[in-house]
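Participant: The structure file target.txt (compact mmCIF, C-alpha atoms and all ligand atoms) is provided below.
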# COMPACT_ATOMS: atom_id res chain seq x y z
CA SER Q 542 13.25 -52.51 -37.96
CA THR Q 543 10.15 -52.13 -35.82
CA ALA Q 544 7.84 -52.51 -38.81
CA ASN Q 545 9.48 -55.79 -39.77
CA ALA Q 546 9.45 -57.06 -36.22
CA PHE Q 547 5.78 -56.08 -36.02
CA SER Q 548 4.91 -57.74 -39.31
CA PHE Q 549 6.89 -60.85 -38.31
CA SER Q 550 5.05 -61.06 -35.00
CA LYS Q 551 1.77 -61.03 -36.89
CA ARG Q 552 2.52 -64.23 -38.77
CA GLY Q 553 1.28 -66.30 -35.84
CA MET Q 554 -2.04 -64.46 -35.59
CA SER Q 555 -5.31 -66.27 -36.08
CA LEU Q 556 -7.87 -64.72 -38.44
CA GLU Q 557 -9.85 -63.63 -35.38
CA GLN Q 558 -6.81 -61.85 -33.91
CA GLU Q 559 -6.11 -60.17 -37.25
CA ILE Q 560 -9.67 -58.87 -37.42
CA ASN Q 561 -9.72 -57.74 -33.78
CA ASP Q 562 -6.43 -55.92 -34.37
CA SER Q 563 -7.88 -54.22 -37.45
CA ASN Q 564 -11.03 -53.24 -35.55
CA ASP Q 565 -8.88 -51.58 -32.87
CA HIS Q 566 -7.20 -49.58 -35.61
CA TYR Q 567 -10.54 -48.59 -37.18
CA LEU Q 568 -11.88 -47.59 -33.76
CA HIS Q 569 -8.89 -45.44 -32.81
CA LYS Q 570 -8.82 -43.72 -36.22
CA GLY Q 571 -12.57 -42.96 -36.02
CA ILE Q 572 -13.26 -45.03 -39.16
CA ALA Q 573 -15.76 -47.58 -37.77
CA VAL Q 574 -16.99 -49.11 -34.50
CA ILE Q 575 -16.94 -52.89 -34.91
CA HIS Q 576 -16.55 -55.37 -32.06
CA LYS Q 577 -16.38 -59.11 -31.71
CA LYS Q 578 -19.23 -60.42 -29.60
CA PRO Q 579 -18.21 -62.26 -26.45
CA THR Q 580 -18.81 -66.01 -26.39
CA PRO Q 581 -22.15 -66.65 -24.68
CA ILE Q 582 -21.67 -68.48 -21.39
CA GLN Q 583 -24.22 -69.92 -18.98
CA ILE Q 584 -22.88 -69.25 -15.49
CA VAL Q 585 -23.88 -71.77 -12.82
CA ASN Q 586 -21.62 -71.10 -9.86
CA VAL Q 587 -19.56 -68.05 -8.82
CA ASP Q 588 -17.25 -67.65 -5.85
CA TYR Q 589 -16.92 -64.20 -4.24
CA PRO Q 590 -13.74 -64.42 -2.16
CA LYS Q 591 -12.97 -61.63 0.32
CA ARG Q 592 -10.42 -59.05 -0.88
CA SER Q 593 -10.30 -60.65 -4.32
CA ARG Q 594 -12.31 -60.64 -7.51
CA ALA Q 595 -15.17 -63.02 -8.30
CA VAL Q 596 -14.23 -66.43 -9.73
CA ILE Q 597 -16.61 -68.34 -11.99
CA LYS Q 598 -16.34 -71.97 -10.79
CA GLU Q 599 -18.86 -73.66 -13.07
CA ALA Q 600 -20.12 -72.47 -16.43
CA TYR Q 601 -21.03 -73.87 -19.85
CA PHE Q 602 -20.70 -72.72 -23.44
CA ARG Q 603 -24.01 -71.71 -25.00
CA GLN Q 604 -25.04 -71.68 -28.64
CA ALA Q 605 -24.66 -68.19 -30.14
CA SER Q 606 -27.73 -66.74 -31.86
CA THR Q 607 -25.83 -64.27 -34.05
CA THR Q 608 -22.62 -63.95 -36.06
CA ASP Q 609 -19.27 -63.02 -34.48
CA TYR Q 610 -18.94 -59.36 -35.45
CA ASN Q 611 -21.18 -56.34 -35.81
CA GLY Q 612 -21.03 -52.59 -35.59
CA VAL Q 613 -21.52 -49.30 -37.41
CA TYR Q 614 -19.68 -47.68 -40.32
CA ASN Q 615 -20.81 -44.32 -41.67
CA GLY Q 616 -24.48 -44.94 -40.85
CA TYR Q 617 -24.45 -48.54 -42.09
CA TYR Q 618 -25.12 -51.53 -39.86
CA VAL Q 619 -22.28 -53.98 -40.54
CA ASP Q 620 -22.52 -57.69 -39.66
CA PHE Q 621 -20.11 -60.45 -40.55
CA GLU Q 622 -18.71 -63.84 -39.72
CA ALA Q 623 -15.02 -64.79 -40.07
CA LYS Q 624 -14.06 -68.22 -41.40
CA GLU Q 625 -10.86 -69.85 -42.52
CA THR Q 626 -10.14 -73.02 -44.49
CA ARG Q 627 -7.02 -75.01 -45.41
CA ASN Q 628 -8.80 -76.09 -48.57
CA LYS Q 629 -7.29 -74.66 -51.78
CA THR Q 630 -10.07 -74.79 -54.35
CA SER Q 631 -13.34 -74.36 -52.48
CA PHE Q 632 -14.89 -73.30 -49.20
CA PRO Q 633 -16.90 -76.05 -47.40
CA LEU Q 634 -20.38 -74.99 -46.29
CA LYS Q 635 -20.08 -77.15 -43.15
CA ASN Q 636 -18.09 -74.23 -41.70
CA PHE Q 637 -21.43 -72.47 -41.22
CA HIS Q 638 -24.28 -73.15 -38.84
CA GLN Q 639 -27.99 -72.65 -39.47
CA HIS Q 640 -28.23 -69.91 -36.79
CA GLN Q 641 -25.64 -67.83 -38.65
CA ILE Q 642 -27.55 -68.13 -41.93
CA THR Q 643 -30.84 -67.24 -40.20
CA HIS Q 644 -29.20 -64.24 -38.54
CA PHE Q 645 -27.89 -63.03 -41.92
CA GLU Q 646 -31.37 -63.42 -43.45
CA ASN Q 647 -32.88 -61.41 -40.59
CA CYS Q 648 -30.27 -58.64 -40.83
CA LEU Q 649 -30.49 -58.41 -44.62
CA SER Q 650 -34.25 -57.90 -44.36
CA GLN Q 651 -33.46 -54.92 -42.07
CA LYS Q 652 -31.02 -53.55 -44.70
CA GLY Q 653 -27.83 -54.49 -42.87
CA ILE Q 654 -24.52 -54.93 -44.72
CA CYS Q 655 -23.87 -58.66 -44.22
CA PHE Q 656 -20.88 -60.62 -45.42
CA VAL Q 657 -18.28 -63.27 -44.59
CA ILE Q 658 -14.55 -62.72 -44.32
CA ILE Q 659 -13.05 -65.88 -45.81
CA LYS Q 660 -9.37 -66.72 -45.45
CA PHE Q 661 -7.79 -69.44 -47.54
CA THR Q 662 -4.93 -70.11 -45.16
CA SER Q 663 -2.93 -72.34 -47.54
CA LEU Q 664 -3.12 -69.67 -50.26
CA ASN Q 665 -2.88 -66.69 -47.86
CA ARG Q 666 -5.81 -65.06 -49.70
CA TYR Q 667 -8.59 -63.05 -48.06
CA PHE Q 668 -12.05 -62.20 -49.40
CA SER Q 669 -15.21 -60.37 -48.39
CA TYR Q 670 -18.11 -62.42 -49.72
CA PRO Q 671 -21.73 -61.20 -49.64
CA ALA Q 672 -24.07 -63.04 -47.24
CA SER Q 673 -26.78 -63.01 -49.93
CA ARG Q 674 -24.60 -65.33 -52.11
CA LEU Q 675 -23.78 -67.56 -49.13
CA ILE Q 676 -27.50 -67.95 -48.41
CA LYS Q 677 -28.14 -69.05 -52.04
CA HIS Q 678 -25.45 -71.76 -51.76
CA TRP Q 679 -26.69 -72.83 -48.33
CA ARG Q 680 -30.23 -73.33 -49.64
CA ASN Q 681 -29.02 -75.30 -52.69
CA GLN Q 682 -26.63 -77.61 -50.86
CA GLU Q 683 -29.03 -80.58 -50.83
CA ASP Q 684 -29.36 -80.53 -54.63
CA SER Q 685 -26.00 -79.11 -55.46
CA ARG Q 686 -22.44 -78.74 -54.12
CA LYS Q 687 -21.65 -78.73 -50.39
CA SER Q 688 -18.98 -76.08 -50.92
CA ILE Q 689 -18.43 -72.76 -52.68
CA LYS Q 690 -15.76 -72.85 -55.39
CA LEU Q 691 -12.82 -70.48 -55.08
CA ASN Q 692 -13.65 -69.19 -58.57
CA GLU Q 693 -17.15 -68.23 -57.43
CA ILE Q 694 -15.63 -66.40 -54.43
CA ILE Q 695 -13.21 -64.59 -56.76
CA ASP Q 696 -16.13 -63.57 -59.01
CA TYR Q 697 -18.70 -62.54 -56.38
CA GLY Q 698 -16.43 -61.63 -53.46
CA ILE Q 699 -13.89 -58.84 -53.12
CA GLU Q 700 -10.27 -59.74 -52.43
CA PHE Q 701 -8.18 -57.68 -50.01
CA TYR Q 702 -4.54 -57.91 -48.97
CA PRO Q 703 -3.01 -57.98 -45.49
CA GLY Q 704 -1.03 -54.87 -44.60
CA PHE Q 705 0.62 -53.04 -41.75
CA ARG Q 706 -2.13 -50.88 -40.26
CA PRO Q 707 -4.75 -52.16 -40.31
CA THR Q 708 -3.53 -55.75 -40.45
CA LEU Q 709 -6.57 -56.61 -42.57
CA PRO Q 710 -7.96 -53.60 -44.47
CA TYR Q 711 -11.29 -55.37 -44.98
CA LEU Q 712 -13.34 -52.15 -44.79
CA GLU Q 713 -11.82 -51.17 -48.16
CA THR Q 714 -14.24 -53.69 -49.62
CA ILE Q 715 -17.34 -52.34 -47.91
CA ASN Q 716 -18.29 -49.61 -50.38
CA ASN Q 717 -18.09 -52.21 -53.11
CA LEU Q 718 -20.26 -54.58 -50.99
CA ILE Q 719 -22.78 -51.80 -50.33
CA GLN Q 720 -23.00 -51.06 -54.07
CA ARG Q 721 -23.59 -54.74 -54.82
CA ILE Q 722 -26.29 -54.98 -52.17
CA GLU Q 723 -28.00 -51.85 -53.42
CA TYR Q 724 -27.67 -53.08 -57.02
CA ASP Q 725 -29.45 -56.32 -56.04
CA LYS Q 726 -32.59 -54.51 -54.87
CA SER P 345 -57.42 -65.38 -18.61
CA THR P 346 -54.15 -66.26 -20.33
CA ALA P 347 -53.40 -62.60 -21.02
CA ASN P 348 -53.79 -61.73 -17.35
CA ALA P 349 -51.73 -64.69 -16.23
CA PHE P 350 -49.08 -63.66 -18.71
CA SER P 351 -49.13 -60.04 -17.64
CA PHE P 352 -49.04 -61.08 -13.98
CA SER P 353 -46.01 -63.28 -14.62
CA LYS P 354 -44.25 -60.28 -16.13
CA ARG P 355 -44.44 -58.26 -12.92
CA GLY P 356 -41.35 -59.99 -11.59
CA MET P 357 -39.31 -59.31 -14.72
CA SER P 358 -36.18 -57.22 -14.56
CA LEU P 359 -35.78 -54.41 -17.10
CA GLU P 360 -33.28 -56.61 -18.93
CA GLN P 361 -35.76 -59.49 -19.15
CA GLU P 362 -38.47 -57.10 -20.38
CA ILE P 363 -36.17 -55.83 -23.15
CA ASN P 364 -34.98 -59.32 -24.14
CA ASP P 365 -38.59 -60.43 -24.30
CA SER P 366 -39.45 -57.44 -26.51
CA ASN P 367 -36.44 -58.13 -28.76
CA ASP P 368 -37.66 -61.72 -29.26
CA HIS P 369 -41.01 -60.32 -30.35
CA TYR P 370 -39.39 -57.80 -32.73
CA LEU P 371 -37.19 -60.54 -34.20
CA HIS P 372 -40.04 -63.00 -34.78
CA LYS P 373 -42.26 -60.32 -36.32
CA GLY P 374 -39.45 -59.18 -38.66
CA ILE P 375 -39.46 -55.67 -37.15
CA ALA P 376 -35.83 -55.41 -35.97
CA VAL P 377 -32.80 -57.57 -35.09
CA ILE P 378 -31.54 -56.45 -31.69
CA HIS P 379 -29.62 -58.66 -29.26
CA LYS P 380 -28.13 -58.28 -25.82
CA LYS P 381 -24.39 -58.78 -25.91
CA PRO P 382 -23.11 -61.65 -23.76
CA THR P 383 -21.12 -60.72 -20.65
CA PRO P 384 -17.43 -60.82 -21.56
CA ILE P 385 -15.64 -63.61 -19.70
CA GLN P 386 -11.96 -64.50 -19.52
CA ILE P 387 -11.77 -68.29 -19.53
CA VAL P 388 -8.79 -69.79 -17.71
CA ASN P 389 -9.56 -73.48 -17.29
CA VAL P 390 -11.96 -75.83 -19.10
CA ASP P 391 -12.67 -79.49 -18.43
CA TYR P 392 -13.59 -81.76 -21.36
CA PRO P 393 -15.16 -84.82 -19.73
CA LYS P 394 -15.79 -87.91 -21.89
CA ARG P 395 -19.40 -88.34 -23.04
CA SER P 396 -20.36 -84.99 -21.60
CA ARG P 397 -20.15 -81.32 -22.55
CA ALA P 398 -17.24 -79.03 -21.69
CA VAL P 399 -17.30 -77.44 -18.22
CA ILE P 400 -15.62 -74.09 -17.55
CA LYS P 401 -13.88 -74.56 -14.18
CA GLU P 402 -12.18 -71.18 -13.80
CA ALA P 403 -13.12 -67.89 -15.43
CA TYR P 404 -13.35 -64.18 -14.58
CA PHE P 405 -15.66 -61.32 -15.48
CA ARG P 406 -14.07 -58.79 -17.83
CA GLN P 407 -14.88 -55.11 -18.32
CA ALA P 408 -17.21 -54.62 -21.30
CA SER P 409 -16.08 -52.14 -23.96
CA THR P 410 -19.54 -51.43 -25.36
CA THR P 411 -23.13 -50.95 -24.27
CA ASP P 412 -25.51 -53.86 -23.61
CA TYR P 413 -27.63 -53.88 -26.76
CA ASN P 414 -27.15 -53.29 -30.46
CA GLY P 415 -28.65 -54.29 -33.77
CA VAL P 416 -30.34 -53.14 -36.94
CA TYR P 417 -33.74 -51.58 -37.62
CA ASN P 418 -34.74 -50.60 -41.16
CA GLY P 419 -31.17 -49.76 -42.20
CA TYR P 420 -30.34 -47.95 -38.97
CA TYR P 421 -27.65 -49.09 -36.56
CA VAL P 422 -29.28 -49.09 -33.11
CA ASP P 423 -27.25 -49.03 -29.89
CA PHE P 424 -28.52 -48.62 -26.36
CA GLU P 425 -27.95 -49.22 -22.69
CA ALA P 426 -30.71 -50.14 -20.22
CA LYS P 427 -30.73 -48.63 -16.74
CA GLU P 428 -33.16 -48.55 -13.86
CA THR P 429 -33.37 -46.42 -10.72
CA ARG P 430 -35.52 -46.41 -7.58
CA ASN P 431 -35.06 -42.66 -7.43
CA LYS P 432 -38.27 -40.66 -8.05
CA THR P 433 -37.11 -37.23 -9.21
CA SER P 434 -33.80 -37.72 -11.02
CA PHE P 435 -31.50 -40.26 -12.62
CA PRO P 436 -28.00 -40.54 -11.02
CA LEU P 437 -25.11 -40.37 -13.50
CA LYS P 438 -23.14 -42.86 -11.40
CA ASN P 439 -25.26 -45.54 -13.11
CA PHE P 440 -23.03 -45.04 -16.17
CA HIS P 441 -19.40 -45.93 -16.79
CA GLN P 442 -16.88 -44.02 -18.87
CA HIS P 443 -16.59 -46.89 -21.39
CA GLN P 444 -20.32 -46.66 -22.15
CA ILE P 445 -20.09 -42.89 -22.76
CA THR P 446 -17.02 -43.34 -24.99
CA HIS P 447 -18.78 -46.08 -26.95
CA PHE P 448 -21.82 -43.80 -27.48
CA GLU P 449 -19.53 -40.99 -28.70
CA ASN P 450 -17.83 -43.37 -31.14
CA CYS P 451 -21.13 -44.75 -32.47
CA LEU P 452 -22.70 -41.29 -32.80
CA SER P 453 -19.76 -40.15 -34.93
CA GLN P 454 -20.56 -43.13 -37.22
CA LYS P 455 -24.23 -41.99 -37.39
CA GLY P 456 -25.62 -44.70 -35.14
CA ILE P 457 -28.93 -44.26 -33.30
CA CYS P 458 -27.80 -44.20 -29.66
CA PHE P 459 -29.97 -43.90 -26.58
CA VAL P 460 -30.67 -45.13 -23.07
CA ILE P 461 -33.76 -46.94 -21.90
CA ILE P 462 -34.40 -45.55 -18.44
CA LYS P 463 -36.87 -47.14 -16.05
CA PHE P 464 -38.01 -45.33 -12.93
CA THR P 465 -39.01 -48.45 -11.03
CA SER P 466 -40.82 -46.63 -8.19
CA LEU P 467 -42.88 -44.67 -10.70
CA ASN P 468 -43.21 -47.52 -13.23
CA ARG P 469 -42.30 -45.04 -15.99
CA TYR P 470 -40.10 -45.85 -19.02
CA PHE P 471 -38.22 -43.46 -21.33
CA SER P 472 -35.95 -43.51 -24.36
CA TYR P 473 -33.40 -40.77 -23.81
CA PRO P 474 -30.90 -39.65 -26.51
CA ALA P 475 -27.24 -40.52 -25.84
CA SER P 476 -26.24 -37.04 -27.09
CA ARG P 477 -28.05 -35.48 -24.07
CA LEU P 478 -26.54 -38.01 -21.68
CA ILE P 479 -23.05 -37.13 -22.97
CA LYS P 480 -23.70 -33.40 -22.29
CA HIS P 481 -24.70 -34.13 -18.68
CA TRP P 482 -21.78 -36.53 -18.23
CA ARG P 483 -19.29 -33.85 -19.35
CA ASN P 484 -20.84 -31.20 -17.09
CA GLN P 485 -21.07 -33.30 -13.94
CA GLU P 486 -17.97 -31.78 -12.33
CA ASP P 487 -19.40 -28.24 -12.58
CA SER P 488 -23.05 -29.10 -12.38
CA ARG P 489 -25.45 -31.78 -11.13
CA LYS P 490 -24.46 -35.45 -10.74
CA SER P 491 -27.87 -36.54 -11.96
CA ILE P 492 -30.40 -35.87 -14.70
CA LYS P 493 -33.72 -34.47 -13.47
CA LEU P 494 -36.89 -36.38 -14.30
CA ASN P 495 -38.25 -33.17 -15.86
CA GLU P 496 -35.30 -33.03 -18.27
CA ILE P 497 -35.93 -36.69 -19.19
CA ILE P 498 -39.62 -35.91 -19.77
CA ASP P 499 -38.64 -32.95 -22.00
CA TYR P 500 -35.82 -34.52 -24.04
CA GLY P 501 -36.71 -38.21 -23.80
CA ILE P 502 -39.69 -40.08 -25.18
CA GLU P 503 -41.96 -41.94 -22.78
CA PHE P 504 -43.39 -45.35 -23.67
CA TYR P 505 -45.78 -47.66 -21.85
CA PRO P 506 -45.46 -51.37 -21.07
CA GLY P 507 -47.87 -53.57 -23.01
CA PHE P 508 -48.68 -57.14 -23.85
CA ARG P 509 -46.62 -57.87 -27.00
CA PRO P 510 -44.03 -56.52 -27.01
CA THR P 511 -43.69 -56.16 -23.25
CA LEU P 512 -41.84 -52.87 -23.83
CA PRO P 513 -42.72 -51.26 -27.16
CA TYR P 514 -39.57 -49.13 -27.07
CA LEU P 515 -39.10 -49.14 -30.86
CA GLU P 516 -42.19 -46.91 -31.10
CA THR P 517 -39.89 -44.14 -29.93
CA ILE P 518 -37.16 -44.72 -32.50
CA ASN P 519 -38.55 -42.68 -35.38
CA ASN P 520 -38.87 -39.79 -32.98
CA LEU P 521 -35.27 -40.37 -31.79
CA ILE P 522 -34.03 -40.53 -35.41
CA GLN P 523 -35.79 -37.24 -36.18
CA ARG P 524 -34.19 -35.59 -33.16
CA ILE P 525 -30.74 -36.86 -34.08
CA GLU P 526 -31.13 -35.71 -37.67
CA TYR P 527 -32.51 -32.37 -36.46
CA ASP P 528 -29.39 -31.88 -34.31
CA LYS P 529 -27.02 -32.09 -37.30
MG MG H 801 -16.38 -67.34 -36.58
MG MG H 802 -27.04 -52.21 -18.47
Turn this file's structure into structure tokens for me.

Facilitator:
Amino acid sequence: STANAFSFSKRGMSLEQEINDSNDHYLHKGIAVIHKKPTPIQIVNVDYPKRSRAVIKEAYFRQASTTDYNGVYNGYYVDFEAKETRNKTSFPLKNFHQHQITHFENCLSQKGICFVIIKFTSLNRYFSYPASRLIKHWRNQEDSRKSIKLNEIIDYGIEFYPGFRPTLPYLETINNLIQRIEYDK
Amino acid sequence: STANAFSFSKRGMSLEQEINDSNDHYLHKGIAVIHKKPTPIQIVNVDYPKRSRAVIKEAYFRQASTTDYNGVYNGYYVDFEAKETRNKTSFPLKNFHQHQITHFENCLSQKGICFVIIKFTSLNRYFSYPASRLIKHWRNQEDSRKSIKLNEIIDYGIEFYPGFRPTLPYLETINNLIQRIEYDK
């Protein structure tokens, strides 16, 4: 059937593709407006051929200053990073960069809804995990563990399950995340 | 003096540079987290030289699907586009693209704070102008004018004045914009 063919075709999708696909669904259904930010590029040299479109001939990758995704859901500013690991029992903090943590801190102080979508690829399990918890672990990593245990993610995150449309119904977890953030205050 | 030298150096700034400069100020003062989105690029060919950073050798500009700027201010999702004109009495609608209008419509239905920063370069006047008004003019342009009169922008927009830090204190207008949006409901 079409549904099976569709679901089969999704098995090769990266986490990023799964999220982009879900965001398209949310956009077209009027549920939320969330986009992946383009990779920042420093352009050095562009060719403008006649009767043809411009070609960038020399450019370099630049360091991002934010997370990958942001947007708006029912009046809330939503901001998240997507990360996957093959690890089965914990999530290594080296997957994050200081600029992402700093960005989360800045957005949280402006009352944004900030979280990480974590995929354990070997387990095929997906979680939303509050940025406030990530920041605590990040700050303690010198004294303490350099990873977040799966059990901690089960306890403080919210699990969701891949589906048909959207591929990743991660926004199902957002009301729960919002409640936790408001409870923290 | 340093202040004069600084202000002099700003005379050559584009509107985009003025806004980026202001966003840096807002970020470092903890007032708001607003970033310009990178230009979306389709990368075709990348060189990975030994002992040196990756060089993009072939890439193309892609059509953006959003506006230029978004972020979070005190729990509000903020989304805007920056536009300048040399025109002295009206702002031509041809400065906008359908995808920007559609994005504003989508964000407004999610209760985002959406507006345009308009600079009349010949007059050196700056306005925040609600996206809801822009959308009305955009929809009427077949039957009616293909531009928005300066007088309409004075009446429905909020003027602000360039300063020292931030260069463009455009967030001063946001509480006023929020009130107008909430008044419209
Ligand atoms: Mg990522
Ligand atoms: Mg623009």

Participant: Taking all atoms listed in the file into account, list the residues no farther than 7 Å from ligand MG 801 (chain H), as a JSON list (two decimals) with C-alpha atoms, keeping the file's coordinate frame.

Facilitator:
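The resulting file, out37.json, is reproduced below:
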[["chain", "number", "residue", "atom", "x", "y", "z"],
["Q", 609, "ASP", "CA", -19.27, -63.02, -34.48],
["Q", 622, "GLU", "CA", -18.71, -63.84, -39.72],
["Q", 623, "ALA", "CA", -15.02, -64.79, -40.07],
["Q", 624, "LYS", "CA", -14.06, -68.22, -41.40]]

Participant: Between CA of Arg721 in chain Q and CA of Gln454 in chain P, what distance in Å does the model show, to one decimal?

Facilitator: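 For CA of Arg721 in chain Q relative to CA of Gln454 in chain P, the distance reads 21.3 Å.
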
Participant: Can you work out which residues are within 12 Å of ligand MG 802 (chain H), considering only C-alpha atoms and all ligand atoms, and then hand them over as a PyMOL selection string?

Facilitator: chain P and resi 358-361+363+380-383+408+410-413+423-429+439-441+444+459-463

Participant: Give one line per residue of chain Q that approaches chain P to at most 10 Å, naming the two atoms of the closest pair and their distance in Å to one decimal, counting all atoms listed in the file; sort by chain then ascending residue number and deliver it as a Markdown table.

Facilitator:
| residue | atom | partner | partner_atom | distance |
| --- | --- | --- | --- | --- |
| Q:Leu568 | CA | P:Asn450 | CA | 7.8 |
| Q:His569 | CA | P:Asn450 | CA | 9.3 |
| Q:Gly571 | CA | P:Asn450 | CA | 7.2 |
| Q:Ile572 | CA | P:Gln454 | CA | 7.8 |
| Q:Ala573 | CA | P:Gln454 | CA | 6.6 |
| Q:Val574 | CA | P:Cys451 | CA | 6.3 |
| Q:Ile575 | CA | P:Cys451 | CA | 9.5 |
| Q:His576 | CA | P:Thr410 | CA | 8.3 |
| Q:Lys577 | CA | P:Lys381 | CA | 9.9 |
| Q:Lys578 | CA | P:Lys381 | CA | 6.6 |
| Q:Pro579 | CA | P:Pro384 | CA | 5.2 |
| Q:Thr580 | CA | P:Pro382 | CA | 6.7 |
| Q:Pro581 | CA | P:Pro382 | CA | 5.2 |
| Q:Ile582 | CA | P:Pro382 | CA | 7.4 |
| Q:Gln583 | CA | P:Pro382 | CA | 9.6 |
| Q:Ile584 | CA | P:Ile400 | CA | 9.0 |
| Q:Val585 | CA | P:Ile400 | CA | 9.8 |
| Q:Asn586 | CA | P:Lys401 | CA | 9.5 |
| Q:Val587 | CA | P:Ala403 | CA | 9.2 |
| Q:Arg594 | CA | P:Tyr404 | CA | 8.0 |
| Q:Ala595 | CA | P:Tyr404 | CA | 6.6 |
| Q:Val596 | CA | P:Tyr404 | CA | 5.4 |
| Q:Ile597 | CA | P:Ala403 | CA | 4.9 |
| Q:Lys598 | CA | P:Lys401 | CA | 4.9 |
| Q:Glu599 | CA | P:Lys401 | CA | 5.2 |
| Q:Ala600 | CA | P:Ile400 | CA | 4.9 |
| Q:Tyr601 | CA | P:Val399 | CA | 5.4 |
| Q:Phe602 | CA | P:Ala398 | CA | 7.4 |
| Q:Ala605 | CA | P:Pro382 | CA | 9.3 |
| Q:Ser606 | CA | P:His379 | CA | 8.7 |
| Q:Thr607 | CA | P:His379 | CA | 8.3 |
| Q:Asn611 | CA | P:Gly415 | CA | 8.0 |
| Q:Gly612 | CA | P:Tyr421 | CA | 7.6 |
| Q:Val613 | CA | P:Tyr421 | CA | 6.2 |
| Q:Tyr614 | CA | P:Gln454 | CA | 5.6 |
| Q:Asn615 | CA | P:Gln454 | CA | 4.6 |
| Q:Gly616 | CA | P:Lys455 | CA | 4.6 |
| Q:Tyr617 | CA | P:Tyr421 | CA | 6.4 |
| Q:Tyr618 | CA | P:Tyr421 | CA | 4.8 |
| Q:Val619 | CA | P:Tyr421 | CA | 8.3 |
| Q:Asp620 | CA | P:Gly415 | CA | 9.2 |
| Q:His644 | CA | P:Val377 | CA | 8.3 |
| Q:Asn647 | CA | P:Val377 | CA | 6.7 |
| Q:Cys648 | CA | P:Val377 | CA | 6.4 |
| Q:Leu649 | CA | P:Gly419 | CA | 9.0 |
| Q:Ser650 | CA | P:Gly374 | CA | 7.8 |
| Q:Gln651 | CA | P:Asn418 | CA | 4.6 |
| Q:Lys652 | CA | P:Gly419 | CA | 4.5 |
| Q:Gly653 | CA | P:Gly419 | CA | 5.8 |
| Q:Ile654 | CA | P:Gly419 | CA | 8.8 |

Participant: May I ask which of the residues Q:Asp565, Q:Glu700, Q:Glu559, Q:Glu646 is the closest one to Arg680 in chain Q, counting only C-alpha atoms?

Facilitator: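 Using only C-alpha atoms, Arg680 in chain Q sits closest to Q:Glu646.
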
Participant: What separation in Å, quoted to one decimal, exists between CA of Leu691 in chain Q and CA of Ser631 in chain Q?

Facilitator: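 Between CA of Leu691 in chain Q and CA of Ser631 in chain Q the gap works out to 4.7 Å.
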
Participant: List every protein, DNA or RNA residue that has an atom no more than 6 Å from (-10.7, -63.8, -52.9) in the file's coordinate frame, counting all atoms listed in the file, and report them as a PyMOL selection string.

Facilitator: chain Q and resi 666-668+694-695+699-700

Participant: Have a look at CA of Lys493 in chain P and CA of Asn519 in chain P and let me know their distance in Å, one decimal.

Facilitator: 23.9 Å

Participant: Name all residues at most 12 Å from Lys677 in chain Q (count only C-alpha atoms; drop same-chain ones fewer than 4 positions away) and give them as a list of chain:residue names.

Facilitator: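 After dropping sequence-adjacent residues, the list is Q:Leu634, Q:Ile642, Q:Phe645, Q:Glu646, Q:Pro671, Q:Ala672, Q:Ser673, Q:Asn681, Q:Gln682, Q:Glu683, Q:Asp684, Q:Ser685, Q:Arg686, Q:Lys687, Q:Ser688, Q:Ile689.
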